[in-house]
There are 2 protein chains.
Amino acid sequence: MNLEPTIEADCIFDEPFELVSGAVLPRLNQHYAIYGELNADKSNAVLVFHALTGSARIGDWWHGLIGSGCALNTDEYAFICINFLGSRYGSTGASSVEFYADKNDSEFPLVTVADIVRAQKQVLDRLGIEKLKAVVGGSVGGMCALRFATDFPEATEKSIVIGACELSAMGLALNHLQRWAIRLEENGNGGNDGVSLARALAMLSYKSADLFDEKFARRPDRSGENPFEKIDARFDIAGYLDYQGEVFRKRFDSGTYKTITKAMDLFEIRSNYDSEEAALRRIKAQIYLIGISTDWLFPAKDVRALAGKMRRNGVDVNYIEMISPDGHDAFLSDTAQTSKILKEILIND
Amino acid sequence: MNLEPTIEADCIFDEPFELVSGAVLPRLNQHYAIYGELNADKSNAVLVFHALTGSARIGDWWHGLIGSGCALNTDEYAFICINFLGSRYGSTGASSVEFYADKNDSEFPLVTVADIVRAQKQVLDRLGIEKLKAVVGGSVGGMCALRFATDFPEATEKSIVIGACELSAMGLALNHLQRWAIRLEENGNGGNDGVSLARALAMLSYKSADLFDEKFARRPDRSGENPFEKIDARFDIAGYLDYQGEVFRKRFDSGTYKTITKAMDLFEIRSNYDSEEAALRRIKAQIYLIGISTDWLFPAKDVRALAGKMRRNGVDVNYIEMISPDGHDAFLSDTAQTSKILKEILIND
């Protein structure tokens with residue numbers, strides 16, 4: 001059973017919301033969930049950012065990590081998670097027909113991590129939360145945690161960033177090929193295999209070669225196919241990827257996938273209006289950068305390099321390396337390691 | 001200018017050729033090229049295996065490595081390369097209309113590395129070459145060099161295997177997704193973008209993250225697109241991958257791609273008729289296994305592990321690690337390192 005939120009609600013802003021690109025959303029819905037209870041002076045809130053395909057319902061994807069006595073301890077803190085602007089789980093996004101019923105989703109404007117974070121800050125303001133205990137996120141959620149620290153330096157005590165930094169060329173390449181797969185589908189016969197292929201490709205970058213060897217090795221597909229018999233008969237790893245793709249296309253859509261992967265691509269510490277150095281020097285929160293030893297999408301060495309850059313720019317930064325065989329996904333799958341690290345950061349208050 | 005072969009010819013076998021799968025090809029063409037001159041007793045021949053998308057024309061793809069005074073020294077040896085059974089550059093394969101004019105290419109039977117090697121051995125027999133100085137190949141060509149050593153133990157003095165071993169689960173995954181991309185195209189609107197996407201994906205596994213960072217970093221596409229402007233505007237790495245895909249689809253076809261990647265998948269030292277140990281114990285050639293330090297498709301540690309296994313089974317094996325930032329492709333792109341290693345092996349006769 002996944003943990004249920006204390007509150008799950010919509011926060012609607014009827015005024016126009018201008019994006020970094022200059023495009024304007026006529027109104028904005030931010031769908032959010034809260035786990036635990038906000039105290040009287042609203043000083044016990046932690047903002048959690050979900051990852052690429054997640055929702056505001058932390059309990060649905062951070063299994064075993066949130067709840068009474070867990071690393072994200074609902075007895076102590078109120079954990080707020082807000083579905084990304086551009087996403088599909090309740091907030092205004094590429095698939096939100098109530099706002100864009102007359103357009104196809106490819107017309108949804110370019111969304112950046114800065115837009116996502118600013119939209120979420122509006123929700124905090126509406127809820128009357130002035131200062132967070134922490135912001136925390138992995139992957140694109142980690143990008144959000146970084147952006148929050150640069151853009152709203154007074155609004156959080158800590159920022160916990162797991163498996164995230166600017167994407168390297170290899171990361172950009174992976175996202176490009178995923179959107180290419182989706183385009184193949186869009187240009188094709190209306191099948192929906194392109195989103196599945198994009199997801200399967202993403203899975204390679206979320207896991208590690210060692211993990212795949214341990215779980216699948218060169219075994220034939222568990223359904224009994226013999227890969228030595230015909231060209232389409234699969235090894236077990238292929239069956240696993242097909243399955244992951246199939247499950248995914250039932251819960252996701254191509255417009256959202258393109259929107260959020262593009263936001264990942266565009267994430268940089270610097271921006272049009274200031275340099276990397278200026279952005280880093282604005283940070284007041286204590287930063288925790290967590291690299292994952294087997295991460296291929298955001299190599300630990302890249303996260304470590306960012307920590308060095310921060311330190312040189314006066315940021316109070318800690319670099320922690322999570323030693324896990326699970327690859328990038330470790331922040332979701334390796335509950336023991338992730339719990340241990342988050343617990344220490346959140347308890348040593 | 002690419003080096004031209006001394007001879008380029010077809011070797012046609014009119015008798016049926018039975019594949020490991022049991023399927024029978026009514027006849028077989030093996031297209032080959034020879035660089036340098038065979039000596040009178042035909043004792044100076046080296047068999048070179050091309051890689052996934054290569055041809056018999058070594059000079060077209062092993063630039064700077066073959067010629068007078070080069071690592072593959074045509075003053076000393078005669079280098080023979082035979083286009084793979086199943087390939088498209090002259091030999092009987094998925095696209096050879098002269099044999100399969102009435103079928104579509106998906107019907108070409110399953111080809112294994114053992115089939116490729118046995119077909120090539122027939123050419124050597126026809127040419128009157130009893131014993132080779134060496135066999136050498138990288139990637140799937142390295143698989144061929146290994147298979148040659150196990151299946152024709154008397155027929156070569158040395159076997160040089162670069163960046164090859166049995167594919168890991170990650171390798172199987174990559175090939176599966178490439179064939180999936182091709183299937184998307186085949187099921188779609190007749191566009192030929194699927195083969196391009198497959199190639200682009202393969203490029204990720206042929207190169208290394210560090211190489212991409214060095215060459216492309218997060219620069220915008222060199223044509224002047226600004227990735228921050230719209231969803232389809234690219235970074236430079238994306239433009240590079242698109243270009244690689246585009247060039248590739250002009251020279252390759254989906255049937256051949258599926259056939260040879262499947263042969264890679266199926267390559268194992270063991271076979272239906274004997275165990276891994278028995279196969280290894282048959283080897284008489286001196287084996288040189290060359291791992292590439294940054295290889296993601298055939299990780300150096302996997303190649304090294306194979307060397308250990310060989311040694312435990314009485315094989316005279318040397319493991320050499322090529323230190324190169326180029327990833328799997330180093331055997332093609334890092335001419336200096338590859339030359340140095342091949343020269344030492346071929347000279348120390």
# chains A, B, ... in the order shown; residues from 1 in each chain; ligands from 1
>>> closest_atom_pairs(of="chain A", to="chain B", cutoff="7 Å", atoms="only C-alpha atoms", output="Markdown table")
| residue | atom | partner | partner_atom | distance |
| --- | --- | --- | --- | --- |
| A:Leu110 | CA | B:Lys230 | CA | 6.4 |
| A:Ser168 | CA | B:Asp213 | CA | 6.4 |
| A:Ala169 | CA | B:Ala217 | CA | 5.2 |
| A:Met170 | CA | B:Ala209 | CA | 5.3 |
| A:Ala173 | CA | B:Ala238 | CA | 5.8 |
| A:His176 | CA | B:Ala238 | CA | 6.1 |
| A:Gly188 | CA | B:Gly188 | CA | 4.6 |
| A:Asn189 | CA | B:Gly188 | CA | 4.9 |
| A:Ala209 | CA | B:Met170 | CA | 5.3 |
| A:Phe212 | CA | B:Ala169 | CA | 5.6 |
| A:Asp213 | CA | B:Ala169 | CA | 5.3 |
| A:Phe216 | CA | B:Ala169 | CA | 6.3 |
| A:Ala217 | CA | B:Ala169 | CA | 5.2 |
| A:Arg218 | CA | B:Ala169 | CA | 5.9 |
| A:Phe228 | CA | B:Leu266 | CA | 6.6 |
| A:Lys230 | CA | B:Leu110 | CA | 6.4 |
| A:Ile231 | CA | B:Leu110 | CA | 6.5 |
| A:Ile237 | CA | B:Ala173 | CA | 6.2 |
| A:Ala238 | CA | B:Ala173 | CA | 5.8 |
| A:Lys262 | CA | B:Ile231 | CA | 6.6 |
| A:Leu266 | CA | B:Phe228 | CA | 6.6 |
>>> select_by_dssp(residues="region 117-155 of chain A", states="strand (DSSP E or B)", output="list of chain:residue names")
A:Leu132, A:Lys133, A:Ala134, A:Val135, A:Val136, A:Gly137, A:Gly138
>>> write_last_selection(atoms="all heavy atoms", output="CSV table (one decimal), in the first residue's frame")
chain,number,residue,atom,x,y,z
A,132,LEU,N,11.3,27.2,3.9
A,132,LEU,CA,11.3,25.7,4.0
A,132,LEU,C,12.4,25.2,4.8
A,132,LEU,O,13.5,25.8,4.9
A,132,LEU,CB,11.4,25.2,2.6
A,132,LEU,CG,10.2,25.5,1.6
A,132,LEU,CD1,10.7,25.3,0.1
A,132,LEU,CD2,9.0,24.6,1.9
A,133,LYS,N,12.2,24.1,5.4
A,133,LYS,CA,13.3,23.4,6.1
A,133,LYS,C,14.3,22.9,5.0
A,133,LYS,O,15.5,23.0,5.2
A,133,LYS,CB,12.8,22.2,6.9
A,133,LYS,CG,12.3,22.6,8.2
A,133,LYS,CD,13.4,23.1,9.2
A,133,LYS,CE,12.8,23.6,10.5
A,133,LYS,NZ,13.8,24.4,11.2
A,134,ALA,N,13.8,22.4,3.9
A,134,ALA,CA,14.6,21.9,2.9
A,134,ALA,C,13.8,21.8,1.6
A,134,ALA,O,12.6,21.7,1.6
A,134,ALA,CB,15.2,20.5,3.3
A,135,VAL,N,14.5,21.8,0.5
A,135,VAL,CA,14.0,21.3,-0.8
A,135,VAL,C,14.8,20.0,-1.2
A,135,VAL,O,16.0,20.0,-0.9
A,135,VAL,CB,14.1,22.3,-1.9
A,135,VAL,CG1,13.2,23.5,-1.6
A,135,VAL,CG2,15.5,22.8,-2.2
A,136,VAL,N,14.2,19.1,-1.8
A,136,VAL,CA,14.9,17.8,-2.1
A,136,VAL,C,14.3,17.2,-3.4
A,136,VAL,O,13.1,17.3,-3.7
A,136,VAL,CB,14.8,16.8,-1.0
A,136,VAL,CG1,13.4,16.5,-0.5
A,136,VAL,CG2,15.5,15.5,-1.3
A,137,GLY,N,15.3,16.7,-4.2
A,137,GLY,CA,14.8,16.1,-5.5
A,137,GLY,C,15.9,15.3,-6.1
A,137,GLY,O,17.1,15.6,-5.9
A,138,GLY,N,15.6,14.3,-6.9
A,138,GLY,CA,16.5,13.6,-7.7
A,138,GLY,C,16.3,13.8,-9.2
A,138,GLY,O,15.2,14.1,-9.6
>>> closest_residue(among="A:Cys81, A:Val24, A:Ala233, A:Leu72", to="Leu346 (chain A)", atoms="only C-alpha atoms")
A:Leu72
>>> residues_around(residues="Asp253 (chain A)", least_positions_apart="5", cutoff="10 Å", atoms="only C-alpha atoms", output="number ranges by chain")
A: 53, 87-88, 94-95, 105, 182, 192, 195-196, 248, 258
>>> closest_residue(among="B:Lys284, B:Val46, B:Val117, B:Ala40", to="Glu154 (chain B)", atoms="only C-alpha atoms")
B:Lys284
>>> select_by_dssp(residues="region 178-312 of chain A", states="helix (DSSP H, G or I)", output="tab-separated table (two decimals) with N, CA, C and O atoms, in the first residue's frame")
chain	number	residue	atom	x	y	z
A	178	GLN	N	15.48	9.97	-27.48
A	178	GLN	CA	14.15	9.63	-26.96
A	178	GLN	C	13.08	10.46	-27.65
A	178	GLN	O	12.02	9.94	-28.04
A	179	ARG	N	13.36	11.73	-27.85
A	179	ARG	CA	12.37	12.55	-28.56
A	179	ARG	C	12.28	12.15	-30.03
A	179	ARG	O	11.23	12.26	-30.67
A	180	TRP	N	13.38	11.66	-30.59
A	180	TRP	CA	13.39	11.18	-31.96
A	180	TRP	C	12.46	9.95	-32.08
A	180	TRP	O	11.66	9.86	-33.02
A	181	ALA	N	12.56	9.06	-31.14
A	181	ALA	CA	11.69	7.87	-31.15
A	181	ALA	C	10.22	8.29	-31.12
A	181	ALA	O	9.38	7.73	-31.83
A	182	ILE	N	9.93	9.29	-30.31
A	182	ILE	CA	8.56	9.79	-30.22
A	182	ILE	C	8.12	10.40	-31.54
A	182	ILE	O	7.00	10.21	-32.00
A	183	ARG	N	9.03	11.12	-32.17
A	183	ARG	CA	8.72	11.74	-33.46
A	183	ARG	C	8.45	10.67	-34.52
A	183	ARG	O	7.56	10.83	-35.36
A	184	LEU	N	9.21	9.58	-34.47
A	184	LEU	CA	8.97	8.47	-35.40
A	184	LEU	C	7.53	8.00	-35.28
A	184	LEU	O	6.87	7.73	-36.27
A	185	GLU	N	7.08	7.89	-34.04
A	185	GLU	CA	5.70	7.47	-33.79
A	185	GLU	C	4.72	8.50	-34.32
A	185	GLU	O	3.75	8.17	-35.01
A	186	GLU	N	5.01	9.77	-34.01
A	186	GLU	CA	4.09	10.83	-34.41
A	186	GLU	C	3.96	10.93	-35.93
A	186	GLU	O	2.91	11.24	-36.46
A	187	ASN	N	5.08	10.66	-36.63
A	187	ASN	CA	5.07	10.74	-38.09
A	187	ASN	C	4.57	9.45	-38.73
A	187	ASN	O	4.42	9.38	-39.93
A	193	ASP	N	4.20	3.09	-30.16
A	193	ASP	CA	5.40	2.38	-29.75
A	193	ASP	C	6.57	3.33	-29.52
A	193	ASP	O	7.54	2.97	-28.87
A	194	GLY	N	6.49	4.53	-30.07
A	194	GLY	CA	7.60	5.47	-29.97
A	194	GLY	C	7.86	5.91	-28.53
A	194	GLY	O	9.00	5.98	-28.09
A	195	VAL	N	6.78	6.18	-27.80
A	195	VAL	CA	6.93	6.55	-26.39
A	195	VAL	C	7.51	5.37	-25.61
A	195	VAL	O	8.35	5.54	-24.73
A	196	SER	N	7.09	4.17	-25.98
A	196	SER	CA	7.62	2.98	-25.31
A	196	SER	C	9.12	2.83	-25.57
A	196	SER	O	9.89	2.52	-24.66
A	197	LEU	N	9.50	3.04	-26.83
A	197	LEU	CA	10.92	2.94	-27.16
A	197	LEU	C	11.73	4.01	-26.41
A	197	LEU	O	12.81	3.74	-25.88
A	198	ALA	N	11.16	5.21	-26.34
A	198	ALA	CA	11.84	6.29	-25.60
A	198	ALA	C	12.05	5.87	-24.14
A	198	ALA	O	13.14	6.04	-23.58
A	199	ARG	N	11.04	5.30	-23.55
A	199	ARG	CA	11.14	4.87	-22.16
A	199	ARG	C	12.18	3.75	-22.01
A	199	ARG	O	12.99	3.76	-21.07
A	200	ALA	N	12.16	2.80	-22.94
A	200	ALA	CA	13.10	1.68	-22.87
A	200	ALA	C	14.53	2.21	-22.97
A	200	ALA	O	15.43	1.76	-22.24
A	201	LEU	N	14.73	3.16	-23.85
A	201	LEU	CA	16.06	3.75	-23.99
A	201	LEU	C	16.45	4.48	-22.71
A	201	LEU	O	17.58	4.35	-22.21
A	202	ALA	N	15.50	5.22	-22.15
A	202	ALA	CA	15.77	5.92	-20.89
A	202	ALA	C	16.17	4.92	-19.81
A	202	ALA	O	17.07	5.18	-19.01
A	203	MET	N	15.52	3.75	-19.80
A	203	MET	CA	15.83	2.74	-18.78
A	203	MET	C	17.31	2.36	-18.79
A	203	MET	O	17.90	2.10	-17.75
A	204	LEU	N	17.90	2.30	-19.99
A	204	LEU	CA	19.33	1.96	-20.06
A	204	LEU	C	20.15	2.96	-19.27
A	204	LEU	O	21.13	2.61	-18.62
A	205	SER	N	19.73	4.23	-19.35
A	205	SER	CA	20.52	5.27	-18.69
A	205	SER	C	20.16	5.41	-17.21
A	205	SER	O	20.86	6.05	-16.46
A	206	TYR	N	19.04	4.81	-16.81
A	206	TYR	CA	18.64	4.86	-15.39
A	206	TYR	C	19.28	3.74	-14.59
A	206	TYR	O	19.38	3.82	-13.37
A	209	ALA	N	25.02	-1.35	-16.16
A	209	ALA	CA	25.36	-2.60	-16.85
A	209	ALA	C	25.49	-3.75	-15.84
A	209	ALA	O	25.02	-4.86	-16.10
A	210	ASP	N	26.09	-3.46	-14.70
A	210	ASP	CA	26.26	-4.52	-13.69
A	210	ASP	C	24.92	-5.00	-13.16
A	210	ASP	O	24.72	-6.19	-12.95
A	211	LEU	N	24.02	-4.05	-12.95
A	211	LEU	CA	22.70	-4.42	-12.45
A	211	LEU	C	21.98	-5.31	-13.48
A	211	LEU	O	21.38	-6.32	-13.13
A	212	PHE	N	22.06	-4.93	-14.74
A	212	PHE	CA	21.43	-5.73	-15.80
A	212	PHE	C	22.05	-7.13	-15.85
A	212	PHE	O	21.34	-8.12	-16.04
A	213	ASP	N	23.36	-7.19	-15.71
A	213	ASP	CA	24.01	-8.50	-15.74
A	213	ASP	C	23.55	-9.37	-14.59
A	213	ASP	O	23.33	-10.57	-14.74
A	214	GLU	N	23.40	-8.72	-13.43
A	214	GLU	CA	22.99	-9.48	-12.26
A	214	GLU	C	21.55	-9.96	-12.41
A	214	GLU	O	21.21	-11.09	-12.09
A	215	LYS	N	20.70	-9.08	-12.93
A	215	LYS	CA	19.27	-9.41	-13.00
A	215	LYS	C	18.89	-10.27	-14.20
A	215	LYS	O	17.96	-11.07	-14.14
A	236	ASP	N	16.05	-12.09	-22.00
A	236	ASP	CA	15.23	-11.60	-20.89
A	236	ASP	C	15.30	-10.08	-20.74
A	236	ASP	O	14.29	-9.43	-20.46
A	237	ILE	N	16.47	-9.52	-20.96
A	237	ILE	CA	16.61	-8.06	-20.84
A	237	ILE	C	15.71	-7.36	-21.86
A	237	ILE	O	15.11	-6.31	-21.57
A	238	ALA	N	15.57	-7.94	-23.03
A	238	ALA	CA	14.72	-7.35	-24.07
A	238	ALA	C	13.25	-7.42	-23.66
A	238	ALA	O	12.49	-6.46	-23.82
A	239	GLY	N	12.87	-8.57	-23.11
A	239	GLY	CA	11.49	-8.71	-22.63
A	239	GLY	C	11.19	-7.69	-21.52
A	239	GLY	O	10.11	-7.10	-21.49
A	240	TYR	N	12.17	-7.50	-20.65
A	240	TYR	CA	12.01	-6.52	-19.57
A	240	TYR	C	11.81	-5.11	-20.12
A	240	TYR	O	10.93	-4.37	-19.69
A	241	LEU	N	12.62	-4.74	-21.10
A	241	LEU	CA	12.53	-3.39	-21.68
A	241	LEU	C	11.21	-3.20	-22.42
A	241	LEU	O	10.58	-2.15	-22.32
A	242	ASP	N	10.79	-4.23	-23.15
A	242	ASP	CA	9.49	-4.16	-23.83
A	242	ASP	C	8.37	-3.93	-22.82
A	242	ASP	O	7.48	-3.10	-23.03
A	243	TYR	N	8.45	-4.67	-21.73
A	243	TYR	CA	7.42	-4.56	-20.70
A	243	TYR	C	7.41	-3.15	-20.08
A	243	TYR	O	6.36	-2.55	-19.92
A	244	GLN	N	8.61	-2.65	-19.78
A	244	GLN	CA	8.69	-1.30	-19.21
A	244	GLN	C	8.09	-0.27	-20.17
A	244	GLN	O	7.41	0.66	-19.74
A	245	GLY	N	8.35	-0.45	-21.44
A	245	GLY	CA	7.82	0.47	-22.44
A	245	GLY	C	6.30	0.40	-22.51
A	245	GLY	O	5.61	1.43	-22.61
A	246	GLU	N	5.80	-0.80	-22.44
A	246	GLU	CA	4.36	-1.02	-22.55
A	246	GLU	C	3.61	-0.42	-21.35
A	246	GLU	O	2.60	0.26	-21.52
A	247	VAL	N	4.13	-0.69	-20.16
A	247	VAL	CA	3.52	-0.13	-18.95
A	247	VAL	C	3.52	1.39	-19.03
A	247	VAL	O	2.54	2.05	-18.69
A	248	PHE	N	4.62	1.92	-19.52
A	248	PHE	CA	4.80	3.37	-19.52
A	248	PHE	C	3.82	4.09	-20.43
A	248	PHE	O	3.25	5.12	-20.06
A	249	ARG	N	3.61	3.53	-21.62
A	249	ARG	CA	2.76	4.27	-22.57
A	249	ARG	C	1.31	4.31	-22.09
A	249	ARG	O	0.52	5.13	-22.56
A	250	LYS	N	0.97	3.44	-21.15
A	250	LYS	CA	-0.39	3.49	-20.61
A	250	LYS	C	-0.55	4.64	-19.63
A	250	LYS	O	-1.66	5.06	-19.33
A	251	ARG	N	0.57	5.13	-19.10
A	251	ARG	CA	0.44	6.17	-18.07
A	251	ARG	C	1.06	7.51	-18.48
A	251	ARG	O	1.02	8.46	-17.72
A	254	SER	N	3.28	11.59	-25.15
A	254	SER	CA	4.46	12.08	-25.84
A	254	SER	C	4.69	13.58	-25.60
A	254	SER	O	5.83	14.02	-25.48
A	255	GLY	N	3.63	14.35	-25.52
A	255	GLY	CA	3.78	15.79	-25.34
A	255	GLY	C	4.48	16.12	-24.02
A	255	GLY	O	5.41	16.93	-23.97
A	256	THR	N	4.03	15.47	-22.96
A	256	THR	CA	4.64	15.71	-21.65
A	256	THR	C	6.09	15.24	-21.65
A	256	THR	O	6.98	15.91	-21.13
A	257	TYR	N	6.31	14.09	-22.27
A	257	TYR	CA	7.67	13.54	-22.29
A	257	TYR	C	8.64	14.50	-22.97
A	257	TYR	O	9.73	14.76	-22.48
A	258	LYS	N	8.20	15.03	-24.09
A	258	LYS	CA	9.05	15.98	-24.82
A	258	LYS	C	9.26	17.25	-24.00
A	258	LYS	O	10.37	17.79	-23.93
A	259	THR	N	8.20	17.72	-23.37
A	259	THR	CA	8.28	18.98	-22.61
A	259	THR	C	9.29	18.87	-21.46
A	259	THR	O	10.14	19.75	-21.28
A	260	ILE	N	9.20	17.80	-20.70
A	260	ILE	CA	10.04	17.72	-19.50
A	260	ILE	C	11.48	17.32	-19.85
A	260	ILE	O	12.44	17.82	-19.25
A	261	THR	N	11.67	16.44	-20.85
A	261	THR	CA	13.06	16.13	-21.23
A	261	THR	C	13.74	17.38	-21.79
A	261	THR	O	14.93	17.60	-21.56
A	262	LYS	N	12.97	18.20	-22.49
A	262	LYS	CA	13.55	19.44	-23.02
A	262	LYS	C	13.93	20.38	-21.87
A	262	LYS	O	14.98	21.04	-21.91
A	263	ALA	N	13.08	20.44	-20.85
A	263	ALA	CA	13.42	21.27	-19.68
A	263	ALA	C	14.73	20.79	-19.04
A	263	ALA	O	15.56	21.59	-18.61
A	264	MET	N	14.91	19.47	-19.00
A	264	MET	CA	16.17	18.90	-18.48
A	264	MET	C	17.35	19.39	-19.32
A	264	MET	O	18.38	19.81	-18.81
A	265	ASP	N	17.18	19.25	-20.64
A	265	ASP	CA	18.24	19.67	-21.57
A	265	ASP	C	18.69	21.10	-21.30
A	265	ASP	O	19.87	21.42	-21.35
A	266	LEU	N	17.70	21.96	-21.07
A	266	LEU	CA	17.98	23.40	-21.00
A	266	LEU	C	18.49	23.85	-19.64
A	266	LEU	O	18.92	24.99	-19.48
A	276	GLU	N	26.99	32.04	-14.38
A	276	GLU	CA	27.01	30.92	-13.45
A	276	GLU	C	27.51	31.38	-12.08
A	276	GLU	O	26.94	31.04	-11.04
A	277	GLU	N	28.57	32.17	-12.13
A	277	GLU	CA	29.15	32.63	-10.88
A	277	GLU	C	28.16	33.46	-10.06
A	277	GLU	O	28.00	33.25	-8.86
A	278	ALA	N	27.49	34.38	-10.73
A	278	ALA	CA	26.52	35.24	-10.05
A	278	ALA	C	25.40	34.39	-9.44
A	278	ALA	O	24.97	34.62	-8.30
A	279	ALA	N	24.93	33.41	-10.21
A	279	ALA	CA	23.85	32.56	-9.71
A	279	ALA	C	24.31	31.78	-8.48
A	279	ALA	O	23.59	31.71	-7.47
A	280	LEU	N	25.51	31.21	-8.55
A	280	LEU	CA	26.00	30.43	-7.42
A	280	LEU	C	26.20	31.32	-6.19
A	280	LEU	O	25.91	30.92	-5.07
A	281	ARG	N	26.67	32.53	-6.43
A	281	ARG	CA	26.96	33.42	-5.30
A	281	ARG	C	25.69	33.90	-4.59
A	281	ARG	O	25.75	34.39	-3.47
A	282	ARG	N	24.55	33.78	-5.26
A	282	ARG	CA	23.28	34.13	-4.60
A	282	ARG	C	22.83	33.11	-3.56
A	282	ARG	O	22.01	33.41	-2.70
A	300	ALA	N	28.79	10.62	-11.37
A	300	ALA	CA	29.20	11.15	-10.06
A	300	ALA	C	30.30	12.19	-10.22
A	300	ALA	O	30.31	13.21	-9.53
A	301	LYS	N	31.20	11.96	-11.16
A	301	LYS	CA	32.31	12.92	-11.31
A	301	LYS	C	31.80	14.30	-11.75
A	301	LYS	O	32.39	15.32	-11.42
A	302	ASP	N	30.70	14.34	-12.49
A	302	ASP	CA	30.12	15.62	-12.90
A	302	ASP	C	29.47	16.33	-11.71
A	302	ASP	O	29.55	17.56	-11.58
A	303	VAL	N	28.81	15.55	-10.86
A	303	VAL	CA	28.17	16.13	-9.67
A	303	VAL	C	29.25	16.65	-8.73
A	303	VAL	O	29.15	17.75	-8.18
A	304	ARG	N	30.34	15.87	-8.60
A	304	ARG	CA	31.46	16.27	-7.75
A	304	ARG	C	32.09	17.56	-8.28
A	304	ARG	O	32.45	18.46	-7.52
A	305	ALA	N	32.20	17.65	-9.59
A	305	ALA	CA	32.79	18.86	-10.19
A	305	ALA	C	31.93	20.09	-9.89
A	305	ALA	O	32.45	21.18	-9.64
A	306	LEU	N	30.62	19.90	-9.89
A	306	LEU	CA	29.72	21.01	-9.55
A	306	LEU	C	29.93	21.44	-8.10
A	306	LEU	O	29.94	22.65	-7.80
A	307	ALA	N	30.14	20.46	-7.23
A	307	ALA	CA	30.39	20.78	-5.81
A	307	ALA	C	31.65	21.65	-5.69
A	307	ALA	O	31.67	22.64	-4.95
A	308	GLY	N	32.68	21.29	-6.44
A	308	GLY	CA	33.92	22.06	-6.42
A	308	GLY	C	33.69	23.49	-6.88
A	308	GLY	O	34.17	24.46	-6.27
A	309	LYS	N	32.91	23.60	-7.95
A	309	LYS	CA	32.61	24.93	-8.50
A	309	LYS	C	31.83	25.77	-7.48
A	309	LYS	O	32.07	26.96	-7.32
A	310	MET	N	30.90	25.12	-6.80
A	310	MET	CA	30.11	25.84	-5.77
A	310	MET	C	31.02	26.33	-4.66
A	310	MET	O	30.93	27.48	-4.25
A	311	ARG	N	31.89	25.42	-4.19
A	311	ARG	CA	32.77	25.80	-3.09
A	311	ARG	C	33.63	26.99	-3.49
A	311	ARG	O	33.80	27.92	-2.70
A	312	ARG	N	34.12	26.99	-4.70
A	312	ARG	CA	34.95	28.11	-5.16
A	312	ARG	C	34.17	29.41	-5.23
A	312	ARG	O	34.75	30.49	-5.29
>>> closest_residue(among="B:Glu18, B:Ile269, B:Gly54, B:Cys70", to="Leu146 (chain B)", atoms="only C-alpha atoms")
B:Ile269
